[in-house]
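Next up, structure-v2.txt (compact mmCIF, C-alpha atoms):
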```txt
# COMPACT_ATOMS: atom_id res chain seq x y z
CA MET V 5 58.10 96.33 116.87
CA LYS V 6 61.34 96.89 118.77
CA PRO V 7 62.79 93.87 120.56
CA LEU V 8 62.18 93.87 124.30
CA LYS V 9 65.07 94.95 126.46
CA PRO V 10 66.32 92.20 128.81
CA VAL V 11 65.41 92.65 132.46
CA PRO V 12 68.39 92.35 134.82
CA LEU V 13 67.83 89.56 137.33
CA SER V 14 69.65 88.75 140.53
CA ALA V 15 71.25 85.35 141.04
CA GLU V 16 68.50 84.64 143.58
CA GLN V 17 65.76 85.46 141.04
CA VAL V 18 67.38 83.27 138.40
CA ALA V 19 67.64 80.36 140.83
CA SER V 20 64.05 80.92 141.95
CA VAL V 21 62.50 80.80 138.49
CA ARG V 22 64.63 77.84 137.44
CA SER V 23 63.38 75.93 140.49
CA LEU V 24 59.79 76.30 139.21
CA VAL V 25 60.44 74.39 135.96
CA PHE V 26 59.02 70.87 135.78
CA HIS V 27 59.11 70.38 132.00
CA ASN V 28 61.51 71.76 129.42
CA ASP V 29 61.89 70.79 125.75
CA PRO V 30 63.06 72.66 122.61
CA SER V 31 59.59 74.19 122.05
CA VAL V 32 57.90 74.66 125.42
CA LEU V 33 58.70 75.39 129.02
CA ALA V 34 56.31 74.59 131.89
CA LEU V 35 56.54 76.07 135.36
CA ASN V 36 54.66 75.49 138.61
CA LYS V 37 53.89 79.11 139.52
CA PRO V 38 53.63 79.84 143.23
CA ALA V 39 50.82 81.96 144.66
CA GLY V 40 51.85 85.58 145.13
CA LEU V 41 53.86 85.87 141.90
CA SER V 42 52.27 87.96 139.15
CA SER V 43 52.30 86.42 135.68
CA GLN V 44 52.52 89.78 133.93
CA GLY V 45 51.83 93.45 134.55
CA GLY V 46 53.26 93.81 138.04
CA ARG V 47 53.10 97.23 139.66
CA GLY V 48 56.05 99.30 140.77
CA GLN V 49 59.35 97.49 141.17
CA VAL V 50 57.83 93.98 141.40
CA VAL V 51 59.43 91.54 138.96
CA THR V 52 56.84 89.36 137.23
CA LEU V 53 57.14 85.77 136.02
CA ASP V 54 57.10 87.06 132.44
CA GLU V 55 60.19 89.17 133.18
CA MET V 56 61.88 86.35 135.09
CA LEU V 57 61.78 84.27 131.89
CA TRP V 58 64.84 86.24 130.78
CA ALA V 59 66.71 83.69 132.90
CA PHE V 60 66.16 81.21 130.04
CA ALA V 61 67.11 83.50 127.14
CA LYS V 62 70.26 82.79 125.18
CA PRO V 63 72.62 85.76 124.64
CA GLY V 64 71.16 88.11 122.03
CA LYS V 65 67.93 86.08 121.78
CA ALA V 66 64.37 86.69 122.96
CA ARG V 67 63.08 85.18 126.18
CA PRO V 68 60.40 82.46 126.21
CA ARG V 69 56.86 83.86 125.90
CA LEU V 70 53.97 83.12 128.23
CA ILE V 71 51.03 81.53 126.40
CA HIS V 72 48.46 82.32 129.10
CA ARG V 73 48.19 83.91 132.53
CA LEU V 74 47.24 82.93 136.05
CA ASP V 75 45.92 85.30 138.71
CA ARG V 76 48.64 86.44 141.10
CA ASP V 77 47.25 84.38 143.99
CA THR V 78 46.58 81.26 141.90
CA SER V 79 49.28 78.58 141.85
CA GLY V 80 49.95 75.94 139.24
CA VAL V 81 51.01 75.07 135.74
CA ILE V 82 51.79 77.88 133.35
CA LEU V 83 53.12 77.39 129.84
CA ALA V 84 55.70 79.37 127.87
CA ALA V 85 56.86 78.98 124.27
CA ARG V 86 60.60 78.87 123.71
CA THR V 87 60.52 79.92 120.04
CA GLN V 88 58.49 82.28 117.86
CA PRO V 89 56.99 79.41 115.78
CA ALA V 90 55.93 77.65 119.00
CA ALA V 91 54.40 80.87 120.34
CA SER V 92 52.43 81.37 117.13
CA PHE V 93 51.26 77.74 117.09
CA LEU V 94 50.15 77.76 120.73
CA GLY V 95 48.55 81.19 120.43
CA LYS V 96 46.36 79.89 117.59
CA ALA V 97 45.54 76.76 119.62
CA MET V 98 44.45 78.96 122.52
CA MET V 99 42.23 81.08 120.26
CA ALA V 100 40.67 77.91 118.82
CA ARG V 101 40.02 76.55 122.35
CA LYS V 102 42.20 73.52 121.77
CA ILE V 103 43.93 73.96 125.13
CA THR V 104 42.17 72.46 128.15
CA LYS V 105 42.82 73.86 131.62
CA THR V 106 42.00 71.99 134.81
CA TYR V 107 42.00 73.51 138.29
CA LEU V 108 41.52 72.33 141.86
CA ALA V 109 39.39 74.64 144.02
CA LEU V 110 38.67 74.37 147.73
CA VAL V 111 35.18 75.72 148.38
CA ALA V 112 32.82 76.24 151.31
CA PRO V 113 30.32 75.45 152.73
CA GLY V 114 30.37 71.91 151.39
CA ALA V 115 29.78 70.42 147.98
CA PRO V 116 27.73 72.28 145.37
CA ILE V 117 24.21 71.12 144.52
CA PRO V 118 24.33 69.29 142.17
CA PRO V 119 27.82 67.92 142.94
CA SER V 120 28.82 68.27 139.28
CA GLY V 121 27.55 70.51 136.55
CA ARG V 122 28.04 73.45 134.23
CA ILE V 123 27.84 77.17 135.02
CA MET V 124 26.84 79.41 132.11
CA GLU V 125 26.47 82.85 133.76
CA ALA V 126 27.54 85.80 131.59
CA LEU V 127 30.14 88.12 133.13
CA ARG V 128 31.03 91.78 132.84
CA ARG V 129 34.06 93.75 133.95
CA VAL V 130 33.57 96.47 136.57
CA GLU V 131 36.38 98.94 137.34
CA THR V 132 36.75 100.94 140.54
CA GLY V 133 39.79 103.16 140.48
CA ARG V 134 42.77 100.96 139.57
CA GLU V 135 40.99 97.73 140.51
CA ALA V 136 38.92 95.59 138.16
CA ARG V 137 36.53 92.82 139.15
CA MET V 138 33.97 90.69 137.36
CA GLN V 139 30.26 90.45 138.02
CA VAL V 140 27.54 88.08 136.88
CA CYS V 141 25.16 89.90 134.55
CA ALA V 142 22.26 89.33 132.18
CA THR V 143 23.22 87.93 128.80
CA ASN V 144 21.69 90.98 127.09
CA HIS V 145 23.79 93.46 129.08
CA PRO V 146 25.84 95.61 126.67
CA ASP V 147 29.08 94.59 128.42
CA ALA V 148 28.20 90.90 128.84
CA GLU V 149 30.79 88.27 127.96
CA ALA V 150 29.68 84.66 127.57
CA ALA V 151 31.37 82.35 130.08
CA GLU V 152 31.22 78.60 130.68
CA THR V 153 32.71 76.60 133.55
CA HIS V 154 32.42 72.86 134.23
CA TYR V 155 32.97 71.41 137.71
CA ARG V 156 32.78 68.14 139.63
CA THR V 157 33.21 67.32 143.29
CA LEU V 158 36.24 65.19 144.14
CA SER V 159 36.09 65.05 147.93
CA THR V 160 33.90 66.40 150.73
CA ALA V 161 34.31 67.14 154.43
CA ASP V 162 32.33 69.01 157.06
CA GLY V 163 31.67 72.43 155.53
CA ALA V 164 34.19 72.08 152.69
CA ALA V 165 34.67 70.41 149.33
CA LEU V 166 37.45 69.97 146.80
CA LEU V 167 36.34 70.55 143.21
CA GLU V 168 37.91 69.87 139.85
CA VAL V 169 37.06 72.82 137.62
CA SER V 170 37.51 73.35 133.89
CA PRO V 171 36.77 76.76 132.33
CA ARG V 172 35.73 76.51 128.69
CA THR V 173 36.17 80.27 128.19
CA GLY V 174 38.92 82.53 129.48
CA ARG V 175 37.30 85.46 131.27
CA MET V 176 39.11 87.28 134.05
CA HIS V 177 38.39 85.72 137.48
CA GLN V 178 35.92 83.40 135.76
CA ILE V 179 36.22 80.41 138.09
CA ARG V 180 36.12 82.61 141.18
CA VAL V 181 32.98 84.48 140.12
CA HIS V 182 31.17 81.43 138.77
CA LEU V 183 31.71 79.40 141.96
CA ALA V 184 30.58 82.35 144.05
CA ALA V 185 27.47 82.55 141.85
CA ILE V 186 26.43 79.04 142.94
CA GLN V 187 27.08 79.93 146.60
CA ARG V 188 30.34 78.00 146.77
CA PRO V 189 33.04 80.71 146.76
CA ILE V 190 36.67 79.63 146.87
CA VAL V 191 38.20 79.54 150.34
CA GLY V 192 40.55 82.46 150.85
CA ASP V 193 38.94 84.59 148.13
CA ALA V 194 38.15 87.80 150.03
CA TRP V 195 37.13 89.60 146.81
CA TYR V 196 34.29 87.22 146.02
CA GLY V 197 33.05 86.16 149.44
CA GLY V 198 35.30 83.21 150.24
CA ALA V 199 35.83 82.09 153.83
CA LEU V 200 39.14 83.16 155.39
CA MET V 201 38.87 80.50 158.12
CA ILE V 202 37.50 76.98 157.73
CA GLN V 203 37.07 74.46 160.56
CA GLY V 204 39.28 76.74 162.66
CA LEU V 205 42.08 76.65 160.10
CA PRO V 206 43.23 79.85 158.36
CA ALA V 207 43.25 80.00 154.57
CA PRO V 208 46.79 81.03 153.62
CA ARG V 209 45.63 82.52 150.29
CA LEU V 210 43.19 81.95 147.43
CA MET V 211 42.84 78.16 147.38
CA LEU V 212 42.88 77.71 143.61
CA HIS V 213 45.53 75.60 141.84
CA ALA V 214 45.98 75.10 138.09
CA SER V 215 46.59 71.36 138.28
CA ALA V 216 46.75 70.33 134.62
CA LEU V 217 47.04 71.68 131.09
CA THR V 218 46.41 69.65 127.93
CA PHE V 219 47.45 71.13 124.60
CA PRO V 220 48.57 70.27 121.05
CA HIS V 221 52.37 70.26 121.14
CA PRO V 222 54.13 72.34 118.47
CA ASP V 223 56.25 69.30 117.59
CA GLY V 224 53.24 67.00 117.20
CA GLY V 225 50.80 65.04 119.34
CA ARG V 226 49.12 66.27 122.50
CA MET V 227 50.73 66.82 125.87
CA THR V 228 49.32 66.94 129.39
CA LEU V 229 51.28 68.72 132.10
CA ARG V 230 50.36 68.17 135.77
CA ALA V 231 51.64 70.53 138.45
CA PRO V 232 52.02 69.08 141.97
CA LEU V 233 50.06 70.75 144.76
CA PRO V 234 52.02 73.36 146.71
CA ALA V 235 52.64 72.67 150.38
CA ASP V 236 50.16 75.25 151.69
CA PHE V 237 47.29 73.81 149.64
CA ALA V 238 48.13 70.18 150.48
CA SER V 239 48.48 71.00 154.18
CA LEU V 240 45.06 72.65 154.39
CA LEU V 241 43.40 69.75 152.56
CA GLU V 242 45.02 67.31 154.98
CA GLY V 243 43.87 69.37 157.95
CA LEU V 244 40.31 69.29 156.64
CA GLY V 245 40.42 65.57 155.89
CA LEU V 246 39.97 66.07 152.15
CA ARG V 247 41.49 63.68 149.63
CA ALA V 248 43.43 65.25 146.75
CA PRO V 249 44.31 63.60 143.44
CA ASP V 250 47.89 62.35 143.19
CA LEU V 251 49.70 64.85 140.99
CA ASP V 252 53.20 63.92 142.15
CA GLY V 253 55.30 61.64 140.02
CA THR V 254 53.23 62.15 136.86
CA PRO V 255 54.00 65.71 135.74
CA VAL V 256 54.10 64.98 132.02
CA THR V 257 52.35 62.66 129.57
CA ARG V 258 52.59 62.72 125.79
CA GLU V 259 50.18 61.20 123.28
CA ALA V 260 50.79 60.68 119.60
CA GLY V 261 48.46 62.42 117.21
CA PRO V 262 48.22 64.60 114.16
```
Representation of the structure as structure tokens:
Amino acid sequence: MKPLKPVPLSAEQVASVRSLVFHNDPSVLALNKPAGLSSQGGRGQVVTLDEMLWAFAKPGKARPRLIHRLDRDTSGVILAARTQPAASFLGKAMMARKITKTYLALVAPGAPIPPSGRIMEALRRVETGREARMQVCATNHPDAEAAETHYRTLSTADGAALLEVSPRTGRMHQIRVHLAAIQRPIVGDAWYGGALMIQGLPAPRLMLHASALTFPHPDGGRMTLRAPLPADFASLLEGLGLRAPDLDGTPVTREAGP
């Protein structure tokens, strides 16, 4: 395989991607991705986060590699490997489901019933033109993919609730479709039936934030990275009177282990 050609970046793009970093060590790089930035596969002339990682490449060396993706309109922690051994190690950990992802989702109308639980609906991919979406389907459907999502309610207000959500599988749009399947679509999610206004307040975008990532570190032990809430998410929660977990000031924890 030929080495990838570096993508030229403007000084503004370099400064922008560097401002997203909240953890950096010899093996991994963690960024707090804003909503609206594609992780990979952008269309046209749009520069993706994956391409912006050239800002961290040393002359003549490869750029850091993304270990996973986030939807374009989802904010939060995203992990990149700085070296090939780290990329291989983390890729195997992802395949073995040793990496735990935690999200915050603002849903309506109100808390799910029950307020915590597990969603096990199978999903299938449906393509229309250049767009692809996911649908709940029977487990015996020929295109069915098993999917599992755990959730619990953190805070409630009139017609809204803040959930902590942990997908145990990695299907496209999994959290969005699963929450819609229990009649609690994510606020701002026009694709899957989410409210665009709540208590008279507009939803600025899909209100889904990847708040934490726990993984085996390539250099030993386990690490948890916590990405602070972006201003638009925090502002809407405050306007609704919802209490969010404190993610500020504790972005990184490290535990010893094999």
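With all atoms listed in the file as the atoms that count, the residue of V:Arg86, V:Lys37, V:Lys62, V:Arg101 with the shortest distance to Pro220 (chain V) is V:Arg101.
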**Request:** Point out the residue among V:Ile82, V:Arg188, V:Thr157, V:Gly225 with the least atom-to-atom distance to Arg247 (chain V), counting only C-alpha atoms.
**Result:** V:Thr157
**Near-Arg67 (chain V) list (7 Å; all atoms listed in the file; drop same-chain fewer than 3 positions) as a list in words** = Leu57, Trp58, Phe60 and Ala61 of chain V
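Picture a line from CA of Thr160 (chain V) to CA of Ala194 (chain V); it runs 21.8 Å.
For the pair CA of Ile123 (chain V) and CA of Met98 (chain V), the interatomic distance is 20.9 Å.
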